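*Asks:* Got a file for you: coords.tsv, TSV, C-alpha atoms.
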```
chain	number	residue	atom	x	y	z
A	64	MET	CA	17.28	2.68	-11.86
A	65	GLN	CA	14.94	4.59	-9.60
A	66	ARG	CA	15.75	4.46	-5.95
A	67	ALA	CA	14.20	5.90	-2.83
A	68	PRO	CA	15.53	9.33	-1.87
A	69	ALA	CA	18.36	9.32	0.64
A	70	ARG	CA	17.21	9.03	4.21
A	71	VAL	CA	17.58	12.56	5.56
A	72	GLU	CA	16.84	12.77	9.24
A	73	PRO	CA	15.94	16.09	10.90
A	74	SER	CA	18.80	17.99	12.48
A	75	GLN	CA	18.76	19.69	15.83
A	76	ALA	CA	18.20	22.98	13.98
A	77	ASP	CA	14.84	21.80	12.63
A	78	ASN	CA	12.01	23.72	14.23
A	79	TRP	CA	8.70	21.97	13.80
A	80	SER	CA	6.46	24.88	14.78
A	81	GLY	CA	8.42	28.05	14.05
A	82	ALA	CA	10.10	30.02	11.27
A	83	ASN	CA	11.94	27.00	9.86
A	84	ARG	CA	8.77	25.24	8.73
A	85	ASP	CA	9.18	26.21	5.07
A	86	GLU	CA	12.81	25.09	5.12
A	87	ILE	CA	11.80	21.70	6.52
A	88	ILE	CA	9.11	21.30	3.86
A	89	LEU	CA	11.64	22.05	1.12
A	90	LYS	CA	14.10	19.59	2.63
A	91	TYR	CA	11.58	16.73	2.45
A	92	ALA	CA	9.85	17.75	-0.79
A	93	PRO	CA	11.72	15.03	-2.80
A	94	LEU	CA	10.00	12.46	-0.58
A	95	VAL	CA	6.62	13.72	-1.81
A	96	LYS	CA	7.64	13.27	-5.45
A	97	PHE	CA	8.97	9.77	-4.73
A	98	VAL	CA	5.78	8.62	-2.97
A	99	ALA	CA	3.53	10.20	-5.62
A	100	ASN	CA	5.53	8.56	-8.41
A	101	ARG	CA	5.27	5.10	-6.85
A	102	ILE	CA	1.51	5.45	-6.45
A	103	ALA	CA	1.08	6.92	-9.95
A	104	MET	CA	2.82	3.90	-11.48
A	105	ARG	CA	-0.18	1.79	-10.44
A	106	LEU	CA	-2.83	4.20	-11.71
A	107	PRO	CA	-4.43	4.78	-15.12
A	108	PRO	CA	-2.67	7.32	-17.40
A	109	GLY	CA	-5.53	9.78	-16.89
A	110	VAL	CA	-4.54	10.47	-13.29
A	111	ASP	CA	-2.26	13.53	-13.21
A	112	GLN	CA	0.88	12.89	-11.14
A	113	ASP	CA	1.28	16.64	-10.54
A	114	ASP	CA	-2.08	16.63	-8.77
A	115	LEU	CA	-0.88	13.79	-6.55
A	116	ILE	CA	2.27	15.76	-5.72
A	117	GLN	CA	0.21	18.81	-4.74
A	118	VAL	CA	-1.91	16.70	-2.40
A	119	GLY	CA	1.24	15.02	-1.07
A	120	ILE	CA	2.70	18.43	-0.22
A	121	LEU	CA	-0.37	19.08	1.92
A	122	GLY	CA	0.30	15.75	3.64
A	123	LEU	CA	3.89	16.83	4.30
A	124	ILE	CA	2.73	20.17	5.74
A	125	ASP	CA	0.33	18.26	7.98
A	126	ALA	CA	3.19	16.01	9.09
A	127	VAL	CA	5.36	19.01	10.00
A	128	ALA	CA	2.47	20.54	11.97
A	129	LYS	CA	1.67	17.39	13.94
A	130	PHE	CA	5.09	15.78	14.37
A	131	GLU	CA	6.22	15.25	17.96
A	132	PRO	CA	10.03	14.73	18.10
A	133	GLU	CA	9.87	13.69	21.76
A	134	ARG	CA	8.07	10.48	20.74
A	135	GLY	CA	11.36	9.14	19.37
A	136	ILE	CA	9.95	8.43	15.89
A	137	LYS	CA	11.91	9.28	12.75
A	138	PHE	CA	10.34	12.22	10.94
A	139	GLN	CA	10.80	10.70	7.49
A	140	THR	CA	8.85	7.60	8.51
A	141	TYR	CA	6.01	9.72	9.88
A	142	ALA	CA	6.05	12.12	6.91
A	143	GLU	CA	5.92	9.30	4.37
A	144	PHE	CA	2.92	7.83	6.19
A	145	ARG	CA	1.11	11.20	6.11
A	146	ILE	CA	2.00	11.89	2.46
A	147	ARG	CA	0.83	8.48	1.29
A	148	GLY	CA	-2.36	8.77	3.35
A	149	ALA	CA	-3.17	12.20	1.92
A	150	ILE	CA	-2.75	10.97	-1.67
A	151	LEU	CA	-4.83	7.82	-1.12
A	152	ASP	CA	-7.57	9.83	0.60
A	153	GLU	CA	-7.71	12.16	-2.42
A	154	LEU	CA	-7.94	9.23	-4.83
A	155	ARG	CA	-10.78	7.73	-2.82
A	156	ALA	CA	-12.59	11.08	-2.78
A	157	LEU	CA	-12.25	11.36	-6.56
A	158	ASP	CA	-13.63	7.83	-6.96
A	159	TRP	CA	-11.39	7.46	-10.01
A	160	VAL	CA	-11.92	3.70	-10.38
A	161	PRO	CA	-14.77	2.70	-12.75
A	162	ARG	CA	-17.49	0.53	-11.22
A	163	THR	CA	-16.74	-2.19	-13.75
A	164	VAL	CA	-13.18	-2.42	-12.42
A	165	ARG	CA	-14.37	-2.56	-8.83
A	166	HIS	CA	-16.81	-5.30	-9.81
A	167	ALA	CA	-14.04	-7.27	-11.54
A	168	ALA	CA	-11.83	-6.96	-8.45
A	169	THR	CA	-14.65	-8.15	-6.20
A	170	GLN	CA	-15.25	-11.17	-8.43
A	171	LEU	CA	-11.58	-12.09	-8.36
A	172	GLU	CA	-11.28	-11.63	-4.59
A	173	GLU	CA	-14.36	-13.77	-3.98
A	174	ALA	CA	-12.98	-16.48	-6.26
A	175	TYR	CA	-9.65	-16.54	-4.39
A	176	GLN	CA	-11.41	-16.46	-1.02
A	177	ASP	CA	-13.73	-19.33	-1.95
A	178	LEU	CA	-11.15	-21.57	-3.63
A	179	GLU	CA	-8.23	-20.99	-1.28
A	180	GLY	CA	-10.53	-21.13	1.73
A	181	LYS	CA	-11.58	-24.63	0.73
A	182	GLN	CA	-8.15	-25.83	-0.44
A	183	GLY	CA	-6.16	-24.15	2.30
A	184	SER	CA	-3.38	-23.18	-0.11
A	185	PRO	CA	-2.84	-20.99	-3.21
A	186	VAL	CA	-4.67	-22.14	-6.34
A	187	ASP	CA	-3.40	-22.08	-9.93
A	188	ASP	CA	-4.57	-19.61	-12.56
A	189	GLU	CA	-6.38	-22.32	-14.51
A	190	VAL	CA	-8.44	-23.28	-11.44
A	191	VAL	CA	-9.49	-19.66	-10.79
A	192	ALA	CA	-10.36	-19.08	-14.45
A	193	THR	CA	-12.49	-22.23	-14.58
A	194	HIS	CA	-14.23	-21.33	-11.31
A	195	MET	CA	-15.13	-17.91	-12.76
A	196	GLY	CA	-16.27	-19.37	-16.10
A	197	LEU	CA	-13.51	-17.56	-17.99
A	198	SER	CA	-10.90	-18.62	-20.47
A	199	LEU	CA	-7.33	-18.27	-19.23
A	200	GLN	CA	-6.82	-15.20	-21.45
A	201	GLU	CA	-10.05	-13.60	-20.18
A	202	TYR	CA	-8.84	-14.22	-16.63
A	203	TYR	CA	-5.51	-12.53	-17.38
A	204	ASP	CA	-7.34	-9.61	-19.01
A	205	GLN	CA	-9.43	-9.19	-15.87
A	206	LEU	CA	-6.27	-9.26	-13.73
A	207	GLU	CA	-4.81	-6.48	-15.88
A	208	SER	CA	-7.98	-4.42	-15.56
A	209	VAL	CA	-7.70	-4.33	-11.74
A	210	ARG	CA	-4.00	-3.49	-11.65
A	211	SER	CA	-4.64	0.07	-10.49
A	212	LEU	CA	-6.65	-1.16	-7.51
A	213	SER	CA	-3.66	-2.90	-5.95
A	214	ILE	CA	-2.94	-0.15	-3.45
A	215	ILE	CA	-2.72	-1.46	0.08
A	216	SER	CA	-2.56	0.82	3.12
A	217	PHE	CA	-3.10	0.39	6.85
A	218	GLU	CA	-6.40	2.21	6.47
A	219	ASP	CA	-7.60	-0.23	3.78
A	220	LEU	CA	-6.91	-3.25	5.97
A	221	ARG	CA	-7.63	-2.04	9.50
A	222	PRO	CA	-10.78	-3.39	11.17
A	223	ALA	CA	-13.73	-0.99	10.97
A	224	VAL	CA	-14.48	-1.09	14.69
A	225	ASP	CA	-15.47	2.55	15.23
A	226	ASN	CA	-15.73	5.93	13.56
A	227	GLU	CA	-13.09	7.66	15.65
A	228	GLU	CA	-10.29	9.50	13.87
A	229	TRP	CA	-7.02	7.60	14.14
A	230	ASP	CA	-3.62	9.20	14.17
A	231	ALA	CA	-0.82	7.79	12.00
A	232	LEU	CA	1.62	8.75	14.76
A	233	GLU	CA	-0.06	6.14	16.96
A	234	MET	CA	0.71	3.47	14.36
A	235	LEU	CA	4.46	4.10	14.46
A	236	GLU	CA	6.82	2.60	16.95
A	237	ASP	CA	7.96	4.60	19.94
A	238	PRO	CA	10.91	2.74	21.49
A	239	SER	CA	10.20	4.23	24.92
A	240	VAL	CA	6.72	2.75	25.31
A	241	GLU	CA	4.77	-0.44	24.73
A	242	ASP	CA	4.36	-1.40	21.06
A	243	PRO	CA	1.52	0.92	19.89
A	244	LEU	CA	0.22	-1.71	17.45
A	245	GLU	CA	-0.31	-3.97	20.42
A	246	ALA	CA	-1.74	-1.13	22.49
A	247	MET	CA	-4.29	-0.40	19.75
A	248	GLY	CA	-5.34	-4.04	19.51
A	249	LEU	CA	-3.86	-4.37	16.02
A	250	GLU	CA	-1.14	-6.89	16.78
A	251	GLN	CA	-3.40	-9.69	15.50
A	252	MET	CA	-3.96	-7.77	12.28
A	253	ARG	CA	-0.22	-7.43	11.76
A	254	GLN	CA	0.22	-11.16	12.32
A	255	ALA	CA	-2.65	-11.93	9.92
A	256	LEU	CA	-1.13	-9.71	7.24
A	257	GLY	CA	2.25	-11.37	7.73
A	258	ALA	CA	0.63	-14.80	7.45
A	259	ALA	CA	-1.21	-13.73	4.29
A	260	ILE	CA	2.04	-12.60	2.67
A	261	GLY	CA	3.82	-15.73	3.87
A	262	SER	CA	1.18	-17.96	2.28
A	263	LEU	CA	1.69	-16.50	-1.21
A	264	PRO	CA	3.29	-18.58	-3.96
A	265	GLU	CA	7.06	-18.04	-4.04
A	266	LYS	CA	7.22	-15.65	-7.00
A	267	GLU	CA	4.31	-13.54	-5.77
A	268	ARG	CA	5.82	-13.34	-2.29
A	269	LEU	CA	9.16	-12.28	-3.78
A	270	VAL	CA	7.48	-9.56	-5.87
A	271	VAL	CA	5.69	-8.21	-2.78
A	272	THR	CA	8.94	-8.25	-0.79
A	273	LEU	CA	10.98	-6.50	-3.48
A	274	TYR	CA	8.27	-3.93	-4.23
A	275	TYR	CA	7.07	-2.96	-0.76
A	276	PHE	CA	10.12	-3.66	1.39
A	277	GLU	CA	13.10	-3.25	-0.95
A	278	GLU	CA	11.30	-0.46	-2.88
A	279	LEU	CA	12.26	-1.70	-6.33
A	280	THR	CA	10.14	-0.67	-9.32
A	281	MET	CA	8.22	-3.22	-11.41
A	282	SER	CA	10.85	-2.84	-14.14
A	283	GLU	CA	13.70	-3.48	-11.70
A	284	ILE	CA	11.96	-6.53	-10.24
A	285	GLY	CA	11.51	-7.87	-13.77
A	286	HIS	CA	15.23	-7.46	-14.37
A	287	VAL	CA	16.05	-9.30	-11.13
A	288	LEU	CA	13.67	-12.20	-11.85
A	289	GLY	CA	14.24	-12.33	-15.59
A	290	LEU	CA	10.58	-11.59	-16.34
A	291	THR	CA	8.79	-8.86	-18.31
A	292	GLU	CA	7.39	-5.85	-16.48
A	293	SER	CA	3.90	-6.95	-17.60
A	294	ARG	CA	4.42	-10.36	-15.97
A	295	ILE	CA	5.62	-8.72	-12.75
A	296	SER	CA	2.54	-6.50	-12.74
A	297	GLN	CA	0.37	-9.59	-13.15
A	298	LEU	CA	2.09	-11.35	-10.23
A	299	HIS	CA	1.66	-8.22	-8.12
A	300	SER	CA	-2.07	-8.03	-8.92
A	301	LYS	CA	-2.59	-11.69	-8.01
A	302	ALA	CA	-0.65	-11.29	-4.75
A	303	THR	CA	-2.71	-8.23	-3.82
A	304	LEU	CA	-6.00	-9.98	-4.55
A	305	ARG	CA	-4.99	-13.02	-2.48
A	306	ILE	CA	-3.95	-10.79	0.45
A	307	ARG	CA	-7.12	-8.68	0.30
A	308	ALA	CA	-9.31	-11.80	0.11
A	309	ARG	CA	-7.58	-13.34	3.11
A	310	MET	CA	-7.71	-10.13	5.16
A	311	LYS	CA	-11.40	-9.57	4.39
A	312	LYS	CA	-12.12	-13.11	5.49
A	313	TYR	CA	-10.10	-12.49	8.66
A	314	PHE	CA	-12.13	-9.38	9.50
A	315	GLY	CA	-15.40	-10.82	8.23
A	316	ARG	CA	-15.81	-7.84	5.90
A	317	LYS	CA	-17.76	-7.54	2.67
A	318	GLU	CA	-17.50	-4.78	0.09
```
Represent the structure of the file as structure tokens.

*Replies:*
Amino acid sequence: MQRAPARVEPSQADNWSGANRDEIILKYAPLVKFVANRIAMRLPPGVDQDDLIQVGILGLIDAVAKFEPERGIKFQTYAEFRIRGAILDELRALDWVPRTVRHAATQLEEAYQDLEGKQGSPVDDEVVATHMGLSLQEYYDQLESVRSLSIISFEDLRPAVDNEEWDALEMLEDPSVEDPLEAMGLEQMRQALGAAIGSLPEKERLVVTLYYFEELTMSEIGHVLGLTESRISQLHSKATLRIRARMKKYFGRKE
């Protein structure tokens, strides 16, 4: 079973701006491979994982350059944020998702937003398929086609209130100061995201919890729940679409 790399916190000997920079980068290089692998698992086979790792290394270098130990934040938490952000930014720049897939995702999100907005609770697959004028199998095929789009990050969900550059370090908790999420006016967003996850059907909520918080793979989650990896992937896609639809409604955003 694949597990997250051991949590290795920086020692007092770590020097974030001097001669030890290369040593620090080597120490945390396994984290880059881990993050890249988790993202690659949700992408089409044509996306080269080695390319993601190379971009992730740049994110790690950026983390080493900008890390401020005096803020009381764990370096691994900050580095993982920077690595993931660098990889997702590269994927967006490449525009690797076909327009047909984006269109399918938009259709599904709008269906969930419309139906669940009216009903006030999660709707069954049959209801969504009928609403979209699809057979149940066609609906499942469309879910499978958007699997690679189910990548959620703070940047994807944050409100587009300005064009100013935002620093990941500001998103991470500093125990010595006021909660930065609150200070940035994002506390409501965090609550909305928590409510969106909490409103998911039980199995979908469990998949989200095991995948994003317990860091299990799709295969491992399938073993835990006694379901196929394909079924877990389907549940994950549905959960992601429900969350994105609810968050877009919350922010009043349209693609």

*Asks:* Record the distance separating CA of Asp177 in chain A and CA of Met195 in chain A, expressed in Å with one decimal.

*Replies:*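 Between CA of Asp177 in chain A and CA of Met195 in chain A the gap is 11.0 Å.
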
*Asks:* For Gly119 in chain A, which residue among A:Tyr275, A:Tyr202, A:Tyr175, A:Tyr91 is the nearest when counting only C-alpha atoms?

*Replies:* A:Tyr91

*Asks:* Work out how far apart CA of Asp188 in chain A and CA of Thr272 in chain A are and give it in Å to one decimal.

*Replies:*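 Atom-to-atom, CA of Asp188 in chain A to CA of Thr272 in chain A, that is 21.2 Å.
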
*Asks:* Calculate how many Å separate CA of Ala103 in chain A from CA of Gln170 in chain A, rounding to one decimal.

*Replies:* 24.4 Å

*Asks:* Need the shell around range 286-298 of chain A: protein/DNA/RNA residues with any atom at most 8 Å away, counting all atoms listed in the file. Skip same-chain ones fewer than 4 positions apart. Format as a list in words?

*Replies:* Tyr203, Leu206, Glu207, Arg210, Lys266, Glu267, Val270, Met281, Ser282 and Ala302 of chain A

*Asks:* Ranking A:Ala99, A:Leu199, A:Val190, A:Ala126 by minimum distance to Phe138 in chain A and counting only C-alpha atoms, which one comes first?

*Replies:*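 Result for the nearest residue to Phe138 in chain A: A:Ala126.
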
*Asks:* Which residue out of A:Asp187, A:Glu172, A:Glu86, A:Glu143 has the minimum interatomic distance to Gln205 in chain A when only C-alpha atoms are used?

*Replies:*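 Nearest to Gln205 in chain A: A:Glu172.
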
*Asks:* Pick the closest to His166 in chain A from A:Leu106, A:Ser208, A:Lys181, A:Thr303: which is it, counting all atoms listed in the file?

*Replies:*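 Checking each candidate against His166 in chain A, we get A:Ser208 as the closest.
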
*Asks:* Hey, which of A:Thr163, A:Glu278, A:Val98, A:Val186 ends up closest to Arg145 in chain A? Count only C-alpha atoms.

*Replies:* A:Val98

*Asks:* My list of candidates is A:Arg147, A:Ala308, A:Glu265, A:Gln251. Which is closest to Arg101 in chain A when distances are computed with only C-alpha atoms?

*Replies:* A:Arg147

*Asks:* Can you pull out every residue within 12 Å of Asp125 in chain A, counting all atoms listed in the file, but drop anything in the same chain fewer than 2 positions away, and send it as a PyMOL selection string?

*Replies:* chain A and resi 79-80+84+88+118-123+127-131+141-149+230-232

*Asks:* Mind checking which residues fall within 9 Å of Arg305 in chain A, counting only C-alpha atoms, ignoring those fewer than 3 positions away in the same chain, and posting them as a PDB file with C-alpha atoms, in the coordinates of the input?

*Replies:*
```pdb
ATOM      1  CA  LEU A 171     -11.580 -12.090  -8.360  1.00  0.00           C
ATOM      2  CA  GLU A 172     -11.280 -11.630  -4.590  1.00  0.00           C
ATOM      3  CA  TYR A 175      -9.650 -16.540  -4.390  1.00  0.00           C
ATOM      4  CA  GLN A 176     -11.410 -16.460  -1.020  1.00  0.00           C
ATOM      5  CA  GLU A 179      -8.230 -20.990  -1.280  1.00  0.00           C
ATOM      6  CA  PRO A 185      -2.840 -20.990  -3.210  1.00  0.00           C
ATOM      7  CA  ALA A 259      -1.210 -13.730   4.290  1.00  0.00           C
ATOM      8  CA  ILE A 260       2.040 -12.600   2.670  1.00  0.00           C
ATOM      9  CA  LEU A 263       1.690 -16.500  -1.210  1.00  0.00           C
ATOM     10  CA  SER A 300      -2.070  -8.030  -8.920  1.00  0.00           C
ATOM     11  CA  LYS A 301      -2.590 -11.690  -8.010  1.00  0.00           C
ATOM     12  CA  ALA A 302      -0.650 -11.290  -4.750  1.00  0.00           C
ATOM     13  CA  ALA A 308      -9.310 -11.800   0.110  1.00  0.00           C
ATOM     14  CA  ARG A 309      -7.580 -13.340   3.110  1.00  0.00           C
ATOM     15  CA  MET A 310      -7.710 -10.130   5.160  1.00  0.00           C
TER      16      MET A 310
END
```

*Asks:* Please, can range 172-183 of chain A be completed to all heavy atoms and returned as a PDB file, keeping the file's coordinate frame?

*Replies:*
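Wrote it out as rebuild_14.pdb, contents follow:
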```
ATOM      1  N   GLU A 172     -11.513 -11.422  -6.018  1.00  0.00           N
ATOM      2  CA  GLU A 172     -11.280 -11.630  -4.590  1.00  0.00           C
ATOM      3  C   GLU A 172     -12.167 -12.734  -4.045  1.00  0.00           C
ATOM      4  O   GLU A 172     -11.717 -13.576  -3.253  1.00  0.00           O
ATOM      5  CB  GLU A 172     -11.535 -10.322  -3.831  1.00  0.00           C
ATOM      6  CG  GLU A 172     -10.461  -9.274  -4.048  1.00  0.00           C
ATOM      7  CD  GLU A 172     -10.843  -7.949  -3.428  1.00  0.00           C
ATOM      8  OE1 GLU A 172     -11.799  -7.913  -2.619  1.00  0.00           O
ATOM      9  OE2 GLU A 172     -10.203  -6.929  -3.753  1.00  0.00           O
ATOM     10  N   GLU A 173     -13.441 -12.737  -4.463  1.00  0.00           N
ATOM     11  CA  GLU A 173     -14.360 -13.770  -3.980  1.00  0.00           C
ATOM     12  C   GLU A 173     -13.946 -15.147  -4.483  1.00  0.00           C
ATOM     13  O   GLU A 173     -14.087 -16.149  -3.761  1.00  0.00           O
ATOM     14  CB  GLU A 173     -15.782 -13.440  -4.433  1.00  0.00           C
ATOM     15  CG  GLU A 173     -16.391 -12.249  -3.690  1.00  0.00           C
ATOM     16  CD  GLU A 173     -17.777 -11.890  -4.196  1.00  0.00           C
ATOM     17  OE1 GLU A 173     -18.174 -12.414  -5.266  1.00  0.00           O
ATOM     18  OE2 GLU A 173     -18.446 -11.074  -3.536  1.00  0.00           O
ATOM     19  N   ALA A 174     -13.435 -15.204  -5.721  1.00  0.00           N
ATOM     20  CA  ALA A 174     -12.980 -16.480  -6.260  1.00  0.00           C
ATOM     21  C   ALA A 174     -11.789 -17.011  -5.466  1.00  0.00           C
ATOM     22  O   ALA A 174     -11.747 -18.192  -5.085  1.00  0.00           O
ATOM     23  CB  ALA A 174     -12.601 -16.325  -7.739  1.00  0.00           C
ATOM     24  N   TYR A 175     -10.813 -16.131  -5.178  1.00  0.00           N
ATOM     25  CA  TYR A 175      -9.650 -16.540  -4.390  1.00  0.00           C
ATOM     26  C   TYR A 175     -10.075 -16.958  -2.983  1.00  0.00           C
ATOM     27  O   TYR A 175      -9.595 -17.956  -2.433  1.00  0.00           O
ATOM     28  CB  TYR A 175      -8.626 -15.416  -4.316  1.00  0.00           C
ATOM     29  CG  TYR A 175      -7.743 -15.311  -5.529  1.00  0.00           C
ATOM     30  CD1 TYR A 175      -7.780 -14.193  -6.367  1.00  0.00           C
ATOM     31  CD2 TYR A 175      -6.847 -16.320  -5.852  1.00  0.00           C
ATOM     32  CE1 TYR A 175      -6.970 -14.089  -7.484  1.00  0.00           C
ATOM     33  CE2 TYR A 175      -6.023 -16.234  -6.964  1.00  0.00           C
ATOM     34  CZ  TYR A 175      -6.090 -15.112  -7.776  1.00  0.00           C
ATOM     35  OH  TYR A 175      -5.283 -15.025  -8.881  1.00  0.00           O
ATOM     36  N   GLN A 176     -10.972 -16.172  -2.390  1.00  0.00           N
ATOM     37  CA  GLN A 176     -11.410 -16.460  -1.020  1.00  0.00           C
ATOM     38  C   GLN A 176     -12.116 -17.801  -0.953  1.00  0.00           C
ATOM     39  O   GLN A 176     -11.879 -18.595  -0.031  1.00  0.00           O
ATOM     40  CB  GLN A 176     -12.337 -15.344  -0.539  1.00  0.00           C
ATOM     41  CG  GLN A 176     -12.730 -15.468   0.925  1.00  0.00           C
ATOM     42  CD  GLN A 176     -13.465 -14.240   1.422  1.00  0.00           C
ATOM     43  OE1 GLN A 176     -13.311 -13.150   0.895  1.00  0.00           O
ATOM     44  NE2 GLN A 176     -14.273 -14.409   2.443  1.00  0.00           N
ATOM     45  N   ASP A 177     -12.973 -18.074  -1.933  1.00  0.00           N
ATOM     46  CA  ASP A 177     -13.730 -19.330  -1.950  1.00  0.00           C
ATOM     47  C   ASP A 177     -12.804 -20.523  -2.192  1.00  0.00           C
ATOM     48  O   ASP A 177     -12.797 -21.497  -1.417  1.00  0.00           O
ATOM     49  CB  ASP A 177     -14.798 -19.258  -3.038  1.00  0.00           C
ATOM     50  CG  ASP A 177     -15.701 -20.488  -3.035  1.00  0.00           C
ATOM     51  OD1 ASP A 177     -15.928 -21.042  -1.943  1.00  0.00           O
ATOM     52  OD2 ASP A 177     -16.165 -20.883  -4.113  1.00  0.00           O
ATOM     53  N   LEU A 178     -11.990 -20.442  -3.250  1.00  0.00           N
ATOM     54  CA  LEU A 178     -11.150 -21.570  -3.630  1.00  0.00           C
ATOM     55  C   LEU A 178     -10.048 -21.842  -2.618  1.00  0.00           C
ATOM     56  O   LEU A 178      -9.818 -22.989  -2.210  1.00  0.00           O
ATOM     57  CB  LEU A 178     -10.540 -21.311  -5.006  1.00  0.00           C
ATOM     58  CG  LEU A 178     -11.527 -21.319  -6.182  1.00  0.00           C
ATOM     59  CD1 LEU A 178     -10.853 -20.785  -7.442  1.00  0.00           C
ATOM     60  CD2 LEU A 178     -12.054 -22.726  -6.422  1.00  0.00           C
ATOM     61  N   GLU A 179      -9.348 -20.790  -2.198  1.00  0.00           N
ATOM     62  CA  GLU A 179      -8.230 -20.990  -1.280  1.00  0.00           C
ATOM     63  C   GLU A 179      -8.721 -21.276   0.127  1.00  0.00           C
ATOM     64  O   GLU A 179      -8.023 -21.914   0.912  1.00  0.00           O
ATOM     65  CB  GLU A 179      -7.294 -19.789  -1.341  1.00  0.00           C
ATOM     66  CG  GLU A 179      -6.653 -19.641  -2.719  1.00  0.00           C
ATOM     67  CD  GLU A 179      -5.595 -18.550  -2.805  1.00  0.00           C
ATOM     68  OE1 GLU A 179      -5.444 -17.773  -1.840  1.00  0.00           O
ATOM     69  OE2 GLU A 179      -4.917 -18.486  -3.851  1.00  0.00           O
ATOM     70  N   GLY A 180      -9.942 -20.801   0.438  1.00  0.00           N
ATOM     71  CA  GLY A 180     -10.530 -21.130   1.730  1.00  0.00           C
ATOM     72  C   GLY A 180     -10.825 -22.619   1.838  1.00  0.00           C
ATOM     73  O   GLY A 180     -10.639 -23.230   2.896  1.00  0.00           O
ATOM     74  N   LYS A 181     -11.277 -23.208   0.739  1.00  0.00           N
ATOM     75  CA  LYS A 181     -11.580 -24.630   0.730  1.00  0.00           C
ATOM     76  C   LYS A 181     -10.318 -25.482   0.635  1.00  0.00           C
ATOM     77  O   LYS A 181     -10.179 -26.507   1.302  1.00  0.00           O
ATOM     78  CB  LYS A 181     -12.496 -24.958  -0.451  1.00  0.00           C
ATOM     79  CG  LYS A 181     -13.895 -24.385  -0.330  1.00  0.00           C
ATOM     80  CD  LYS A 181     -14.725 -24.686  -1.566  1.00  0.00           C
ATOM     81  CE  LYS A 181     -16.131 -24.108  -1.446  1.00  0.00           C
ATOM     82  NZ  LYS A 181     -16.927 -24.333  -2.683  1.00  0.00           N
ATOM     83  N   GLN A 182      -9.365 -25.034  -0.216  1.00  0.00           N
ATOM     84  CA  GLN A 182      -8.150 -25.830  -0.440  1.00  0.00           C
ATOM     85  C   GLN A 182      -7.117 -25.628   0.640  1.00  0.00           C
ATOM     86  O   GLN A 182      -6.314 -26.516   0.921  1.00  0.00           O
ATOM     87  CB  GLN A 182      -7.569 -25.469  -1.817  1.00  0.00           C
ATOM     88  CG  GLN A 182      -6.342 -26.268  -2.204  1.00  0.00           C
ATOM     89  CD  GLN A 182      -5.972 -26.042  -3.659  1.00  0.00           C
ATOM     90  OE1 GLN A 182      -6.776 -26.224  -4.566  1.00  0.00           O
ATOM     91  NE2 GLN A 182      -4.727 -25.615  -3.890  1.00  0.00           N
ATOM     92  N   GLY A 183      -7.125 -24.440   1.247  1.00  0.00           N
ATOM     93  CA  GLY A 183      -6.160 -24.150   2.300  1.00  0.00           C
ATOM     94  C   GLY A 183      -4.784 -23.797   1.797  1.00  0.00           C
ATOM     95  O   GLY A 183      -3.824 -23.740   2.568  1.00  0.00           O
TER      96      GLY A 183
END
```
